[in-house]
Amino acid sequence: MAIRLDFADLNGLSKGPVCGVSQRSREDRGVDAARHLEGSRRILVVRLRYIGDSLWTLPFLANLADNLPSAEIAVLVPRGAEGFFRRLPHVHRLFSSTGPGRNAGISSAPEFLSLVRDLRRYGPDTVINLTDSDRPALLAYLSGARLRITYTPYDKPRNLLFTHVVRPPRGGHILGYHLDLLRSLGLRVFDERIILPSDPDATERLLRRIPALGERDGRKRIVVHPGARVPLREWGAEKFARLIDSLGERYRVFLVAGPGEDGVLQEVARQIHVHVDICPTDLGVDEFAALCGEADLFVGNDSGPIHIAATRTFVVGMYGPNTDELAGPWTEDKRVFGVEGLPCRPCDQKKCVNPEYKACLERISPDEVAVAIRDILG
């Protein structure tokens with residue numbers, strides 16, 4: 001399939017009902033977009049961010065489907081997040097691609113063009129873009145959809161690739177921010193919960209890989225995940241080791257890490273003085289969710305796994321650069337540790353600008369976390 005894109009006149013890109021409008025006139029067109037949305041047969045929702053961000057899309061998709069029951073919904077998500085969507089009854093088609101990062105550019109032409117071909121074959125008539133960056137905007141346009149909605153507070157040239165630019169009404173948690181788009185489109189929000197369907201075979205697979213899970217010795221179970229995608233979010237191997245030493249005699253601890261996190265897992269294991277059960281580092285989303293479902297509590301950094309765990313058990317999180325209000329676990333069953341009063345918090349997570357390096361995490365004591373966990377577990 002030959003794909004030709006002429007950037008000579010971006011104002012005339014739209015083939016839909018509002019073609020030829022200027023960027024300014026595209027803004028805040030929520031009511032107008034809602035009118036066209038009612039007749040959509042195939043809706044593609046694009047969320048090409050990280051694993052945790054993909055999980056936060058679930059309530060948006062469920063409520064979109066409840067509002068438009070006759071529409072077929074597809075999603076485009078980062079590779080590795082597919083497990084969240086495979087068993088959703090309201091998701092009819094699943095596309096995946098490289099997520100953000102150094103390999104996410106359009107330079108990987110074969111993959112990009114293959115994805116464009118797949119999207120055009122699918123033939124959505126509507127795209128709702130929840131990812132504020134260039135590549136998803138271009139994919140939305142090249143999909144061939146007549147109605148293309150983006151949700152952004154920014155004035156960027158990429159906005160011209162959409163027929164409608166909807167401005168966020170407020171800030172707050174990212175999940176709630178997405179649900180506000182539905183409200184801006186005149187749709188209702190029926191349920192704000194993250195409902196992650198279970199794989200009925202995941203626990204059986206997990207027991208074969210971690211036989212210790214089948215052993216019941218009367219102790220409550222804690223899953224500890226010391227890794228994080230961003231180094232500035234890591235509480236640190238030493239602190240996690242001290243925490244495990246404080247808990248290990250009373251509780252049974254399962255130490256887990258994801259792909260590429262073997263180093264921090266081994267560093268924690270090297271420093272602890274109690275027995276722990278070390279889990280494989282290649283657990284899939286379903287197996288990891290099943291592991292958390294077998295636990296009484298999860299402890300981890302501000303990272304994707306804590307959001308998966310929050311759908312299954314009580315979570316304790318160490319939040320430094322981010323805040324609970326912005327990106328905390330979407331549950332009432334949580335205890336989030338964060339240092340209040342730091343003027344640099346939240347930050348862009350590229351480098352620490354505080355004179356006290358990582359003060360937002362360094363000031364969280366393993367002893368205070370251990371006391372809180374013992375109180376929670378009783």
# chains A, B, ... in the order shown; residues from 1 in each chain; ligands from 1

$ residues_around --residues "Lys220 of chain A" --least-positions-apart "5" --cutoff "7 Å" --atoms "only C-alpha atoms" --output "list in words"
Tyr251, Arg252 and Asp296 of chain A

$ write_last_selection --atoms "all heavy atoms" --output "mmCIF file, in the first residue's frame"
data_model
loop_
_atom_site.group_PDB
_atom_site.id
_atom_site.type_symbol
_atom_site.label_atom_id
_atom_site.label_comp_id
_atom_site.auth_asym_id
_atom_site.auth_seq_id
_atom_site.Cartn_x
_atom_site.Cartn_y
_atom_site.Cartn_z
ATOM 1 N N TYR A 251 6.531 -12.173 58.366
ATOM 2 C CA TYR A 251 5.750 -12.358 57.150
ATOM 3 C C TYR A 251 6.564 -13.118 56.119
ATOM 4 O O TYR A 251 7.794 -13.130 56.165
ATOM 5 C CB TYR A 251 5.330 -10.996 56.579
ATOM 6 C CG TYR A 251 4.626 -10.112 57.572
ATOM 7 C CD1 TYR A 251 5.279 -9.025 58.155
ATOM 8 C CD2 TYR A 251 3.307 -10.349 57.943
ATOM 9 C CE1 TYR A 251 4.650 -8.214 59.085
ATOM 10 C CE2 TYR A 251 2.660 -9.548 58.862
ATOM 11 C CZ TYR A 251 3.342 -8.478 59.433
ATOM 12 O OH TYR A 251 2.705 -7.689 60.359
ATOM 13 N N ARG A 252 5.869 -13.692 55.163
ATOM 14 C CA ARG A 252 6.565 -14.364 54.069
ATOM 15 C C ARG A 252 6.696 -13.385 52.914
ATOM 16 O O ARG A 252 5.701 -12.847 52.420
ATOM 17 C CB ARG A 252 5.799 -15.603 53.608
ATOM 18 C CG ARG A 252 6.565 -16.410 52.578
ATOM 19 C CD ARG A 252 6.229 -17.857 52.650
ATOM 20 N NE ARG A 252 7.171 -18.666 51.884
ATOM 21 C CZ ARG A 252 7.160 -19.993 51.875
ATOM 22 N NH1 ARG A 252 6.272 -20.657 52.589
ATOM 23 N NH2 ARG A 252 8.052 -20.651 51.164
ATOM 24 N N ASP A 296 -1.121 -10.624 50.612
ATOM 25 C CA ASP A 296 -1.915 -9.762 51.497
ATOM 26 C C ASP A 296 -1.540 -8.302 51.336
ATOM 27 O O ASP A 296 -2.318 -7.423 51.738
ATOM 28 C CB ASP A 296 -1.702 -10.192 52.957
ATOM 29 C CG ASP A 296 -2.154 -11.615 53.207
ATOM 30 O OD1 ASP A 296 -3.369 -11.832 53.316
ATOM 31 O OD2 ASP A 296 -1.286 -12.511 53.262
#

$ residues_around --residues "segment 64-74 of chain A" --least-positions-apart "5" --cutoff "9 Å" --atoms "only C-alpha atoms" --output "ChimeraX atom specification"
/A:37-46,59,90-95,124,182,187-190

$ residues_around --residues "Ala310 of chain A" --least-positions-apart "2" --cutoff "10 Å" --atoms "only C-alpha atoms" --output "list in words"
Ile194, Ala289, Cys292, Gly293, Leu297, Phe298, Pro305, Ile306, His307, Ile308, Arg312, Thr313, Phe314, Val315, Val316, Gly328, Pro329, Trp330, Thr331, Glu332, Asp333 and Lys334 of chain A

$ atom_distance --atom1 "atom CA of Asp217 of chain A" --atom2 "atom CA of Arg205 of chain A"
21.3 Å

$ closest_residue --among "A:Leu247, A:Leu185, A:Met318, A:Ala269" --to "Val299 of chain A" --atoms "only C-alpha atoms"
A:Met318

$ select_by_dssp --residues "segment 7-222 of chain A" --states "strand (DSSP E or B)" --output "VMD selection string"
chain A and resid 27 42 to 46 72 to 78 93 to 97 126 to 129 147 to 151 164 to 166 221 to 222

$ residues_around --residues "Glu204 of chain A" --least-positions-apart "5" --cutoff "10 Å" --atoms "only C-alpha atoms" --output "ChimeraX atom specification"
/A:199,209-210,287,290

$ write_last_selection --atoms "all heavy atoms" --output "PDB file, in the first residue's frame"
ATOM      1  N   ASP A 199      -7.028 -13.958  34.311  1.00  0.00           N
ATOM      2  CA  ASP A 199      -6.779 -15.119  33.461  1.00  0.00           C
ATOM      3  C   ASP A 199      -7.028 -16.354  34.322  1.00  0.00           C
ATOM      4  O   ASP A 199      -6.333 -16.564  35.322  1.00  0.00           O
ATOM      5  CB  ASP A 199      -5.331 -15.091  32.974  1.00  0.00           C
ATOM      6  CG  ASP A 199      -4.979 -16.284  32.097  1.00  0.00           C
ATOM      7  OD1 ASP A 199      -5.765 -17.235  32.048  1.00  0.00           O
ATOM      8  OD2 ASP A 199      -3.909 -16.258  31.469  1.00  0.00           O
ATOM      9  N   ARG A 209       5.647 -22.256  38.434  1.00  0.00           N
ATOM     10  CA  ARG A 209       6.891 -21.485  38.359  1.00  0.00           C
ATOM     11  C   ARG A 209       7.397 -21.079  39.738  1.00  0.00           C
ATOM     12  O   ARG A 209       8.605 -20.918  39.934  1.00  0.00           O
ATOM     13  CB  ARG A 209       6.676 -20.238  37.503  1.00  0.00           C
ATOM     14  CG  ARG A 209       6.183 -20.537  36.094  1.00  0.00           C
ATOM     15  CD  ARG A 209       6.301 -19.325  35.209  1.00  0.00           C
ATOM     16  NE  ARG A 209       7.706 -18.983  34.988  1.00  0.00           N
ATOM     17  CZ  ARG A 209       8.106 -17.879  34.380  1.00  0.00           C
ATOM     18  NH1 ARG A 209       7.214 -17.003  33.940  1.00  0.00           N
ATOM     19  NH2 ARG A 209       9.390 -17.635  34.210  1.00  0.00           N
ATOM     20  N   ILE A 210       6.473 -20.894  40.693  1.00  0.00           N
ATOM     21  CA  ILE A 210       6.855 -20.498  42.058  1.00  0.00           C
ATOM     22  C   ILE A 210       6.179 -21.469  43.026  1.00  0.00           C
ATOM     23  O   ILE A 210       5.142 -21.171  43.621  1.00  0.00           O
ATOM     24  CB  ILE A 210       6.440 -19.048  42.367  1.00  0.00           C
ATOM     25  CG1 ILE A 210       6.871 -18.100  41.247  1.00  0.00           C
ATOM     26  CG2 ILE A 210       7.042 -18.573  43.703  1.00  0.00           C
ATOM     27  CD1 ILE A 210       6.346 -16.681  41.411  1.00  0.00           C
ATOM     28  N   GLU A 287       0.301 -13.292  35.048  1.00  0.00           N
ATOM     29  CA  GLU A 287       0.966 -14.011  36.147  1.00  0.00           C
ATOM     30  C   GLU A 287       1.305 -13.063  37.289  1.00  0.00           C
ATOM     31  O   GLU A 287       1.162 -13.413  38.461  1.00  0.00           O
ATOM     32  CB  GLU A 287       2.224 -14.695  35.624  1.00  0.00           C
ATOM     33  CG  GLU A 287       1.932 -15.846  34.678  1.00  0.00           C
ATOM     34  CD  GLU A 287       3.182 -16.411  34.035  1.00  0.00           C
ATOM     35  OE1 GLU A 287       4.197 -15.691  33.938  1.00  0.00           O
ATOM     36  OE2 GLU A 287       3.155 -17.583  33.623  1.00  0.00           O
ATOM     37  N   ALA A 290      -1.793 -12.360  39.172  1.00  0.00           N
ATOM     38  CA  ALA A 290      -2.147 -13.521  39.993  1.00  0.00           C
ATOM     39  C   ALA A 290      -1.265 -13.598  41.233  1.00  0.00           C
ATOM     40  O   ALA A 290      -1.737 -13.957  42.320  1.00  0.00           O
ATOM     41  CB  ALA A 290      -2.006 -14.796  39.168  1.00  0.00           C
TER      42      ALA A 290
END

$ residues_around --residues "Ile195 of chain A" --least-positions-apart "3" --cutoff "9 Å" --atoms "only C-alpha atoms" --output "ChimeraX atom specification"
/A:58-59,62,311

$ closest_residue --among "A:Pro157, A:Gly171, A:Gly218, A:Pro259" --to "Asp132 of chain A" --atoms "only C-alpha atoms"
A:Pro157

$ closest_residue --among "A:Gln349, A:Ser133, A:Ser184, A:Ser54" --to "Arg170 of chain A" --atoms "only C-alpha atoms"
A:Ser184

$ select_by_dssp --residues "segment 150-247 of chain A" --states "helix (DSSP H, G or I)" --output "number ranges by chain"
A: 157-161, 174-184, 202-209, 211-214, 231-233, 237-247

$ residues_around --residues "Asp324 of chain A" --least-positions-apart "2" --cutoff "9 Å" --atoms "only C-alpha atoms" --output "list in words"
His173, Tyr319, Asn322, Leu326, Ala327, Gly328, Pro329, Val336, Phe337 and Gly338 of chain A

$ atom_distance --atom1 "atom CA of Arg146 of chain A" --atom2 "atom CA of Thr126 of chain A"
6.2 Å

$ closest_residue --among "A:Gly214, A:Arg363, A:Val369, A:Val268" --to "Gly227 of chain A" --atoms "only C-alpha atoms"
A:Val268

$ residues_around --residues "Thr152 of chain A" --least-positions-apart "5" --cutoff "9 Å" --atoms "only C-alpha atoms" --output "list in words"
Leu130, Thr131, Asp132, Asn159, Val165, Val166, Arg167 and Pro168 of chain A
